[in-house]
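Data block below; observations after.
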Amino acid sequence: AYGPGGDKLAGKSLHLVLSAGGSEAAYSDTGLHAAPISAFLLPMQQSAQVCSMRYGAPFIVHDAVHVSDDALELAAEDYRDYLYALAHGNPVPARRTLSPKTEA
């Protein structure tokens with residue numbers, strides 16, 4: 001993947017998809033985790049860089065332990081649109097902002 005002759009991942013994309021139990025506010029400089037979630041993803045971003053990959057914006061569902069069915073459905077629709085955009089070389093669409101406890 002890297003080093004002399006390690007070019008098998010060069011030019012490929014890395015897109016992370018994850019859920020976080022904490023809210024988006026919990027992943028901030030002043031939140032419970034004292035850092036944005038991007039700080040926790042730095043090792044993955046660095047791995048992509050070392051392997052000459054493109055690192056795309058991650059798809060994150062925050063507060064996953066409290067997410068309502070309606071909010072989860074909207075996240076699933078956003079994820080479908082995210083995958084479609086990636087598959088067709090389109091810009092990744094903006095995510096809808098919905099409180100996990102808010103009903104649509």
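In the structure tokens, chains take the letters A, B, ... in the order shown, each chain's residues start at 1, and ligands count up from 1 in the order shown.
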Neighbour list for range 23-31 of chain A as a list in words, cut-off 9 Å, only C-alpha atoms, skip fewer than 5 positions in-chain
Pro36, Ile37, Ser38, Val61, His62, Asp63, Ala64 and Pro100 of chain A
Deliver the residues from the most recent selection as a file, using all heavy atoms, as a PDB file, in the first residue's frame.
```pdb
ATOM      1  N   PRO A  36     -13.039  18.025  17.983  1.00  0.00           N
ATOM      2  CA  PRO A  36     -13.992  17.665  16.932  1.00  0.00           C
ATOM      3  C   PRO A  36     -13.764  16.222  16.493  1.00  0.00           C
ATOM      4  O   PRO A  36     -12.657  15.675  16.650  1.00  0.00           O
ATOM      5  CB  PRO A  36     -13.676  18.652  15.811  1.00  0.00           C
ATOM      6  CG  PRO A  36     -12.279  19.083  16.062  1.00  0.00           C
ATOM      7  CD  PRO A  36     -12.067  19.001  17.543  1.00  0.00           C
ATOM      8  N   ILE A  37     -14.775  15.609  15.946  1.00  0.00           N
ATOM      9  CA  ILE A  37     -14.643  14.212  15.539  1.00  0.00           C
ATOM     10  C   ILE A  37     -13.541  14.039  14.493  1.00  0.00           C
ATOM     11  O   ILE A  37     -12.899  12.996  14.427  1.00  0.00           O
ATOM     12  CB  ILE A  37     -15.995  13.630  15.068  1.00  0.00           C
ATOM     13  CG1 ILE A  37     -15.950  12.104  15.157  1.00  0.00           C
ATOM     14  CG2 ILE A  37     -16.367  14.141  13.702  1.00  0.00           C
ATOM     15  CD1 ILE A  37     -17.298  11.443  15.173  1.00  0.00           C
ATOM     16  N   SER A  38     -13.282  15.086  13.717  1.00  0.00           N
ATOM     17  CA  SER A  38     -12.206  14.999  12.718  1.00  0.00           C
ATOM     18  C   SER A  38     -10.857  14.711  13.374  1.00  0.00           C
ATOM     19  O   SER A  38      -9.998  14.057  12.770  1.00  0.00           O
ATOM     20  CB  SER A  38     -12.137  16.285  11.893  1.00  0.00           C
ATOM     21  OG  SER A  38     -11.895  17.400  12.732  1.00  0.00           O
ATOM     22  N   VAL A  61     -23.293   9.810  11.416  1.00  0.00           N
ATOM     23  CA  VAL A  61     -24.573   9.928  12.110  1.00  0.00           C
ATOM     24  C   VAL A  61     -24.229  10.098  13.582  1.00  0.00           C
ATOM     25  O   VAL A  61     -23.693   9.186  14.216  1.00  0.00           O
ATOM     26  CB  VAL A  61     -25.466   8.695  11.892  1.00  0.00           C
ATOM     27  CG1 VAL A  61     -26.744   8.796  12.715  1.00  0.00           C
ATOM     28  CG2 VAL A  61     -25.787   8.519  10.409  1.00  0.00           C
ATOM     29  N   HIS A  62     -24.486  11.292  14.109  1.00  0.00           N
ATOM     30  CA  HIS A  62     -24.213  11.589  15.518  1.00  0.00           C
ATOM     31  C   HIS A  62     -25.380  11.179  16.398  1.00  0.00           C
ATOM     32  O   HIS A  62     -26.510  11.039  15.926  1.00  0.00           O
ATOM     33  CB  HIS A  62     -23.964  13.097  15.705  1.00  0.00           C
ATOM     34  CG  HIS A  62     -22.628  13.541  15.227  1.00  0.00           C
ATOM     35  ND1 HIS A  62     -21.482  13.389  15.966  1.00  0.00           N
ATOM     36  CD2 HIS A  62     -22.252  14.123  14.070  1.00  0.00           C
ATOM     37  CE1 HIS A  62     -20.462  13.872  15.293  1.00  0.00           C
ATOM     38  NE2 HIS A  62     -20.900  14.321  14.136  1.00  0.00           N
ATOM     39  N   ASP A  63     -25.093  11.013  17.673  1.00  0.00           N
ATOM     40  CA  ASP A  63     -26.099  10.704  18.693  1.00  0.00           C
ATOM     41  C   ASP A  63     -26.895   9.460  18.319  1.00  0.00           C
ATOM     42  O   ASP A  63     -28.107   9.383  18.519  1.00  0.00           O
ATOM     43  CB  ASP A  63     -27.024  11.911  18.907  1.00  0.00           C
ATOM     44  CG  ASP A  63     -27.581  11.975  20.317  1.00  0.00           C
ATOM     45  OD1 ASP A  63     -27.105  11.228  21.191  1.00  0.00           O
ATOM     46  OD2 ASP A  63     -28.502  12.777  20.543  1.00  0.00           O
ATOM     47  N   ALA A  64     -26.189   8.483  17.780  1.00  0.00           N
ATOM     48  CA  ALA A  64     -26.830   7.289  17.237  1.00  0.00           C
ATOM     49  C   ALA A  64     -27.622   6.499  18.280  1.00  0.00           C
ATOM     50  O   ALA A  64     -28.576   5.813  17.923  1.00  0.00           O
ATOM     51  CB  ALA A  64     -25.776   6.392  16.591  1.00  0.00           C
ATOM     52  N   PRO A 100     -31.465  14.340  16.310  1.00  0.00           N
ATOM     53  CA  PRO A 100     -31.793  12.926  16.357  1.00  0.00           C
ATOM     54  C   PRO A 100     -33.129  12.628  17.026  1.00  0.00           C
ATOM     55  O   PRO A 100     -33.772  11.647  16.739  1.00  0.00           O
ATOM     56  CB  PRO A 100     -30.655  12.304  17.159  1.00  0.00           C
ATOM     57  CG  PRO A 100     -29.538  13.264  17.009  1.00  0.00           C
ATOM     58  CD  PRO A 100     -30.172  14.625  16.884  1.00  0.00           C
TER      59      PRO A 100
END
```
So which bits of range 36-102 of chain A end up helix (DSSP H, G or I) when you DSSP the backbone, as a PyMOL selection string?
chain A and resi 37-40+42-50+69-87
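A straight line drawn from CA of Ala35 in chain A to CA of Tyr2 in chain A is 29.1 Å long.
Looking only at range 36-72 of chain A, the set that DSSP places in strand (DSSP E) from backbone geometry is Arg54, Tyr55, Phe59, Ile60 and Val61 of chain A.
Summary of the local environment: counting only C-alpha atoms, residues at most 10 Å from range 84-91 of chain A, other than itself and those fewer than 4 positions away along its chain, are A:Ser13, A:His15, A:Gly56, A:Asp78, A:Tyr79, A:Arg80.
CA of Ser52 in chain A to CA of Val92 in chain A spans 20.9 Å [interatomic distance, one decimal].
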Top pick for closest residue to Gly21 in chain A, considering A:Glu77, A:His33, A:Pro4, A:Arg95 and counting only C-alpha atoms
A:His33
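For the residues A:Ala48, A:Pro58, A:Asp70, A:Ala75, ranking by smallest atom-to-atom distance to Lys12 in chain A using only C-alpha atoms places A:Ala48 first.
Going from CA of Lys8 in chain A to CA of Leu41 in chain A covers 22.1 Å.
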Shell of 12 Å around Gly3 in chain A, only C-alpha atoms, local chain residues under 3 positions omitted, as JSON, numbers by chain
{"A": [6, 7, 8, 9, 10, 50, 51, 52]}
